[in-house]
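Each remark here refers to the structure printed beneath this line.
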Amino acid sequence: MNIKFLLAGVCACALLTPTTVKAEEGIAIAGNHNHGEVSRADEHAPIGVMGDHMHAKGEWMVSYRYMRMHMEDNRDGTDDLSDAEILATPNRFGTPTNLSVIPEEMTTDMHMIGAMYAPTDWVTLMAMGSYIDRDMNHSTYNMAGVKIGEFKTKASGWGDTKVGGLFHLYSDKTHHLHLNAGLSLPTGSTKERDDVLTPMGMTATLRLPYAMQLGSGTYDLLPGITYTGHKDDWSWGTQYSATLHMGENSQDYTLGDKHQISAWGAYSWLPSLSTSVRITGETEDKIDGIDSQIAAPVQTADPDNYGGERISASIGVNYIVPAGIMEGHRFAVEATLPVYQDLNGPQLKRDNAIVFGWQKSF
Ligand SMILES: [Cu+2]
């Protein structure tokens with residue numbers, strides 16, 4: 001499914017649905033949903049932002065997000081690498097002397113099911129489960145540097161489960177501030193295996209490299225802080241969030257901690273329709289430790305070839321059905337492209353990503 005199709009679909013919905021909500025009804029947004037008031041599309045941040053809004057006491061929300069992320073071509077630092085350059089890179093495991101299997105591209109599909117509930121106006125509880133599908137294409141070269149074939153590895157299953165809460169700090173007519181506090185539970189596998197084509201031309205079933213595993217294997221703290229603002233037809237916000245891995249997993253390693261800061265602005269064309277732009281910067285550390293069952297002449301088997309600094313830009317559409325049997329259902333899409341990547345490489349580069357979401361409050 002491509003971006004144009006999704007955007008066209010969302011826009012078509014907007015045009016075909018009778019819009020009974022008038023802008024001049026002047027709906028106050030203090031960051032919380034309020035019972036009895038008409039909901040607006042821009043009460044929620046772009047769909048790629050998690051934990052952006054709180055709910056009023058007694059309110060529930062369920063959500064489904066589908067995310068597809070694509071990676072392609074390799075880089076070390078900010079320099080793109082050719083296959084020949086990767087084949088000239090030493091293999092940390094010794095035999096063969098140099099890397100001989102090259103990741104060419106990777107696709108991750110993630111299905112995320114979430115729930116939010118506000119026991120009071122000051123706290124919104126959240127939980128999210130995910131189902132992940134990863135596949136990676138590779139080329140294999142023999143000792144003489146001659147390409148002998150290609151292969152694809154796959155891993156799929158449940159990822160880690162996130163639970164947490166949003167804690168109100170401040171709000172007035174325009175501004176809203178809350179703390180994000182979460183915990184990621186290690187429900188995703190760290191032992192996925194698949195068939196690979198070795199430089200000897202044989203097929204072997206091996207534990208897949210870290211990038212293909214479904215979970216971190218550790219309990220992870222998810223702290224953050226979110227500010228949102230709203231005035232007339234404009235809304236904006238910024239969020240800092242982190243993933244801090246605690247301890248070492250059962251396979252003797254710890255994924256790199258992540259810190260992310262995101263800022264966005266949105267314009268509301270109708271109360272039911274808004275569009276957004278967003279910029280995100282993130283840092284991710286290398287993997288600490290090593291899984292003794294992951295050893296292969298491929299860059300992804302080296303825990304040092306993970307993490308880096310990245311900046312990306314996104315555009316999005318939020319839509320809330322204003323009337324009819326689907327009234328109050330939210331649909332949103334956000335597409336992201338990389339702007340800058342300084343990678344602890346050699347490593348695959350991020351390419352485009354898209355998130356589609358559905359949300360409904362009760
Ligand atoms: Cu919600």
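Quick note on naming: the chains in the structure tokens go A, B, ... in the order shown, residues restart at 1 in each chain, and ligands are numbered from 1 in order of appearance.
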
Show me, as CSV, the residues of chain A having an atom within 9 Å of ligand 1, each with the closest atom pair and its distance in Å, using only C-alpha atoms and all ligand atoms.
```
residue,atom,partner,partner_atom_place_in_ligand_line,distance
A:His33,CA,ligand 1,1 (Cu),8.6
A:His44,CA,ligand 1,1 (Cu),8.0
A:Gly51,CA,ligand 1,1 (Cu),7.7
A:Asp52,CA,ligand 1,1 (Cu),8.1
A:His53,CA,ligand 1,1 (Cu),6.1
A:Met54,CA,ligand 1,1 (Cu),6.3
A:His55,CA,ligand 1,1 (Cu),6.2
A:Glu59,CA,ligand 1,1 (Cu),8.8
A:Trp60,CA,ligand 1,1 (Cu),7.3
A:Met61,CA,ligand 1,1 (Cu),5.0
A:Val62,CA,ligand 1,1 (Cu),7.2
A:Ser63,CA,ligand 1,1 (Cu),7.8
A:Gly114,CA,ligand 1,1 (Cu),8.9
A:Ala115,CA,ligand 1,1 (Cu),7.5
A:Met116,CA,ligand 1,1 (Cu),5.5
A:Tyr117,CA,ligand 1,1 (Cu),7.8
A:Thr124,CA,ligand 1,1 (Cu),8.5
A:Met126,CA,ligand 1,1 (Cu),8.4
A:Gln359,CA,ligand 1,1 (Cu),7.4
A:Lys360,CA,ligand 1,1 (Cu),7.8
A:Ser361,CA,ligand 1,1 (Cu),6.9
```

Which of range 41-227 of chain A DSSP labels strand (DSSP E or B), written as a PyMOL selection string: chain A and resi 54+60-77+79-81+90+98+101-120+123-141+147-158+161-171+175-185+193-197+203-207+219-227

Residue with smallest distance to His70 in chain A - pool A:Gly217, A:Gly201, A:Pro338, A:Gly145, counting only C-alpha atoms: A:Pro338

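Here CA of Thr275 in chain A and CA of Ile315 in chain A stand 7.4 Å from one another.
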
Neighbour list for range 261-271 of chain A as a list in words, cut-off 8 Å, only C-alpha atoms, skip fewer than 6 positions in-chain: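 The contact residues come out as Val21, Lys22, Ala23, Ser39, Arg40, Ala41, Asp42, Ala45, Pro46, Asp233, Trp234, Ser235, Trp236, Gly237, Thr238, Gln239, Tyr240, Ser241, Val277, Arg278, Ile279, Thr280, Gly281 and Glu282 of chain A.
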
Go ahead and save the residues from that selection, with N, CA and C atoms, as a PDB file, in the first residue's frame.
```pdb
ATOM      1  N   VAL A  21     -20.084  19.831  11.922  1.00  0.00           N
ATOM      2  CA  VAL A  21     -19.427  20.598  12.977  1.00  0.00           C
ATOM      3  C   VAL A  21     -18.962  21.930  12.403  1.00  0.00           C
ATOM      4  N   LYS A  22     -19.327  23.003  13.041  1.00  0.00           N
ATOM      5  CA  LYS A  22     -18.912  24.315  12.548  1.00  0.00           C
ATOM      6  C   LYS A  22     -17.721  24.822  13.348  1.00  0.00           C
ATOM      7  N   ALA A  23     -16.803  25.422  12.637  1.00  0.00           N
ATOM      8  CA  ALA A  23     -15.592  25.931  13.285  1.00  0.00           C
ATOM      9  C   ALA A  23     -15.923  26.963  14.361  1.00  0.00           C
ATOM     10  N   SER A  39     -15.522  16.643  19.295  1.00  0.00           N
ATOM     11  CA  SER A  39     -14.100  16.349  19.158  1.00  0.00           C
ATOM     12  C   SER A  39     -13.562  16.918  17.854  1.00  0.00           C
ATOM     13  N   ARG A  40     -12.321  17.270  17.883  1.00  0.00           N
ATOM     14  CA  ARG A  40     -11.656  17.811  16.697  1.00  0.00           C
ATOM     15  C   ARG A  40     -10.509  16.911  16.292  1.00  0.00           C
ATOM     16  N   ALA A  41     -10.209  16.911  14.997  1.00  0.00           N
ATOM     17  CA  ALA A  41      -9.120  16.081  14.483  1.00  0.00           C
ATOM     18  C   ALA A  41      -7.788  16.433  15.132  1.00  0.00           C
ATOM     19  N   ASP A  42      -7.572  17.755  15.359  1.00  0.00           N
ATOM     20  CA  ASP A  42      -6.259  18.187  15.848  1.00  0.00           C
ATOM     21  C   ASP A  42      -6.130  18.131  17.376  1.00  0.00           C
ATOM     22  N   ALA A  45      -2.135  14.467  18.329  1.00  0.00           N
ATOM     23  CA  ALA A  45      -0.913  14.764  17.585  1.00  0.00           C
ATOM     24  C   ALA A  45      -0.874  13.887  16.336  1.00  0.00           C
ATOM     25  N   PRO A  46       0.094  14.109  15.431  1.00  0.00           N
ATOM     26  CA  PRO A  46       0.284  13.171  14.314  1.00  0.00           C
ATOM     27  C   PRO A  46       0.348  11.735  14.842  1.00  0.00           C
ATOM     28  N   ASP A 233      -7.131  27.755  14.551  1.00  0.00           N
ATOM     29  CA  ASP A 233      -7.027  26.573  13.690  1.00  0.00           C
ATOM     30  C   ASP A 233      -5.642  25.934  13.731  1.00  0.00           C
ATOM     31  N   TRP A 234      -4.787  26.427  14.613  1.00  0.00           N
ATOM     32  CA  TRP A 234      -3.421  25.899  14.687  1.00  0.00           C
ATOM     33  C   TRP A 234      -3.229  25.081  15.943  1.00  0.00           C
ATOM     34  N   SER A 235      -2.408  24.041  15.827  1.00  0.00           N
ATOM     35  CA  SER A 235      -2.008  23.292  17.012  1.00  0.00           C
ATOM     36  C   SER A 235      -0.554  22.891  16.830  1.00  0.00           C
ATOM     37  N   TRP A 236       0.119  22.596  17.930  1.00  0.00           N
ATOM     38  CA  TRP A 236       1.554  22.301  17.865  1.00  0.00           C
ATOM     39  C   TRP A 236       1.922  21.499  19.108  1.00  0.00           C
ATOM     40  N   GLY A 237       3.113  20.972  19.108  1.00  0.00           N
ATOM     41  CA  GLY A 237       3.533  20.238  20.293  1.00  0.00           C
ATOM     42  C   GLY A 237       4.963  19.781  20.176  1.00  0.00           C
ATOM     43  N   THR A 238       5.490  19.313  21.302  1.00  0.00           N
ATOM     44  CA  THR A 238       6.813  18.720  21.299  1.00  0.00           C
ATOM     45  C   THR A 238       6.845  17.636  22.366  1.00  0.00           C
ATOM     46  N   GLN A 239       7.605  16.598  22.091  1.00  0.00           N
ATOM     47  CA  GLN A 239       7.695  15.490  23.039  1.00  0.00           C
ATOM     48  C   GLN A 239       9.128  14.976  23.102  1.00  0.00           C
ATOM     49  N   TYR A 240       9.596  14.761  24.327  1.00  0.00           N
ATOM     50  CA  TYR A 240      10.846  14.039  24.532  1.00  0.00           C
ATOM     51  C   TYR A 240      10.462  12.661  25.047  1.00  0.00           C
ATOM     52  N   SER A 241      11.088  11.621  24.503  1.00  0.00           N
ATOM     53  CA  SER A 241      10.828  10.285  25.033  1.00  0.00           C
ATOM     54  C   SER A 241      12.107   9.469  24.960  1.00  0.00           C
ATOM     55  N   VAL A 277       2.944  18.716   9.992  1.00  0.00           N
ATOM     56  CA  VAL A 277       4.345  18.463   9.662  1.00  0.00           C
ATOM     57  C   VAL A 277       5.061  18.200  10.984  1.00  0.00           C
ATOM     58  N   ARG A 278       6.087  17.356  10.936  1.00  0.00           N
ATOM     59  CA  ARG A 278       6.774  16.989  12.176  1.00  0.00           C
ATOM     60  C   ARG A 278       8.235  16.727  11.873  1.00  0.00           C
ATOM     61  N   ILE A 279       9.090  17.076  12.807  1.00  0.00           N
ATOM     62  CA  ILE A 279      10.511  16.755  12.674  1.00  0.00           C
ATOM     63  C   ILE A 279      10.930  16.000  13.931  1.00  0.00           C
ATOM     64  N   THR A 280      11.753  14.966  13.752  1.00  0.00           N
ATOM     65  CA  THR A 280      12.150  14.099  14.857  1.00  0.00           C
ATOM     66  C   THR A 280      13.656  13.894  14.834  1.00  0.00           C
ATOM     67  N   GLY A 281      14.287  14.059  15.979  1.00  0.00           N
ATOM     68  CA  GLY A 281      15.706  13.745  16.113  1.00  0.00           C
ATOM     69  C   GLY A 281      15.857  12.644  17.133  1.00  0.00           C
ATOM     70  N   GLU A 282      16.773  11.705  16.885  1.00  0.00           N
ATOM     71  CA  GLU A 282      16.961  10.641  17.860  1.00  0.00           C
ATOM     72  C   GLU A 282      18.400  10.171  17.924  1.00  0.00           C
TER      73      GLU A 282
END
```

Find the nearest atom pair between each residue of range 209-273 of chain A and range 177-188 of chain A for residues within 7 Å, count only C-alpha atoms, give distances in Å to one decimal, sort rows by chain and ascending number, and present the table as CSV.
```
residue,atom,partner,partner_atom,distance
A:Leu214,CA,A:Gly188,CA,5.0
A:Gly215,CA,A:Gly188,CA,3.9
A:Ser216,CA,A:Pro186,CA,6.3
A:Gly217,CA,A:Pro186,CA,4.9
A:Thr218,CA,A:Pro186,CA,5.5
A:Tyr219,CA,A:Leu185,CA,5.2
A:Asp220,CA,A:Ser184,CA,4.9
A:Leu221,CA,A:Leu183,CA,4.8
A:Leu222,CA,A:Gly182,CA,4.5
A:Pro223,CA,A:Ala181,CA,4.6
A:Gly224,CA,A:Asn180,CA,4.6
A:Ile225,CA,A:Leu179,CA,4.5
A:Thr226,CA,A:His178,CA,5.4
A:Tyr227,CA,A:Leu177,CA,4.5
A:Thr228,CA,A:Leu177,CA,6.5
```

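Nearest-residue note for Gly357 in chain A: choosing from A:Gly328, A:Ser156, A:Leu255, A:Ile113, the minimum distance belongs to A:Ile113, counting only C-alpha atoms.
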
Asp252 in chain A environment, 10 Å, only C-alpha atoms, sequence neighbours closer than 3 positions dropped, as a PyMOL selection string: chain A and resi 217+247-249+288-292

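With only C-alpha atoms as the atoms that count, the residue of A:Leu348, A:Val49, A:Val101, A:Val321 with the shortest distance to Gly149 in chain A is A:Val101.
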
Option closest in space to Val196 in chain A, from A:Met136, A:Leu244, A:Ile86, A:Val163 [counting only C-alpha atoms]: A:Met136

Every residue of range 152-327 of chain A that DSSP places in helix (DSSP H, G or I), as a list of chain:residue names: A:Tyr210, A:Ala211, A:Met212, A:Gln299, A:Thr300, A:Ala301

Write the residues of the preceding selection, restricted to C-alpha atoms, as a short mmCIF file (atom, residue, chain, number, x, y, z; two decimals), in the first residue's frame.
```cif
data_model
loop_
_atom_site.label_atom_id
_atom_site.label_comp_id
_atom_site.auth_asym_id
_atom_site.auth_seq_id
_atom_site.Cartn_x
_atom_site.Cartn_y
_atom_site.Cartn_z
CA TYR A 210 19.85 -8.48 16.67
CA ALA A 211 18.03 -6.31 14.11
CA MET A 212 15.73 -9.22 13.21
CA GLN A 299 27.59 -6.51 9.69
CA THR A 300 24.34 -7.09 11.65
CA ALA A 301 26.01 -9.83 13.76
#
```

Best match for closeness to Ala144 in chain A among A:Asn98, A:Asn352, A:Ser171, A:Asn305, counting only C-alpha atoms: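 Once distances to Ala144 in chain A are computed over only C-alpha atoms, the minimum belongs to A:Asn98.
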
Nearest residue to Ser276 in chain A from the set A:Ala323, A:Ile311, A:Val317, A:Ala296 (distances using only C-alpha atoms):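 Smallest distance to Ser276 in chain A is found for A:Val317.
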
Shell around Asp79 in chain A at 9 Å using only C-alpha atoms, local window under 5 positions removed, as a list in words: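 Result of the neighbour search: Asn74, Asp342 and Leu343 of chain A.
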
Between CA of Gly157 in chain A and CA of Asp133 in chain A - distance in Å to one decimal: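 Separation between CA of Asp133 in chain A and CA of Gly157 in chain A: 6.7 Å.
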
Straight-line distance linking CA of Thr243 in chain A with CA of Lys286 in chain A, stated in Å to one decimal: 13.3 Å

Residues near Glu309 in chain A, anyone? I mean within 10 Å using only C-alpha atoms, not counting same-chain ones fewer than 4 positions away, as a compact mmCIF listing (two decimals) with C-alpha atoms, in the first residue's frame.
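File written: around.txt
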```txt
# COMPACT_ATOMS: atom_id res chain seq x y z
CA GLY A 77 28.84 7.40 9.72
CA THR A 78 27.47 9.72 7.05
CA LYS A 258 17.27 5.61 22.74
CA HIS A 259 16.46 9.28 23.21
CA GLN A 260 14.03 11.00 20.90
CA GLY A 281 15.71 13.74 16.11
CA GLU A 282 16.96 10.64 17.86
CA THR A 283 20.09 9.06 19.27
CA GLU A 284 20.58 5.35 19.85
CA ASP A 285 23.57 3.66 21.50
CA TYR A 340 20.06 12.94 8.25
CA GLN A 341 21.63 9.66 9.44
CA ASP A 342 24.99 9.31 11.16
CA LEU A 343 25.21 5.56 11.79
CA ASN A 344 27.49 3.36 13.90
```

Who sits within 6 Å of Val355 in chain A, only C-alpha atoms, same chain under 2 positions skipped, as a ChimeraX atom specification: /A:66-67,333-334
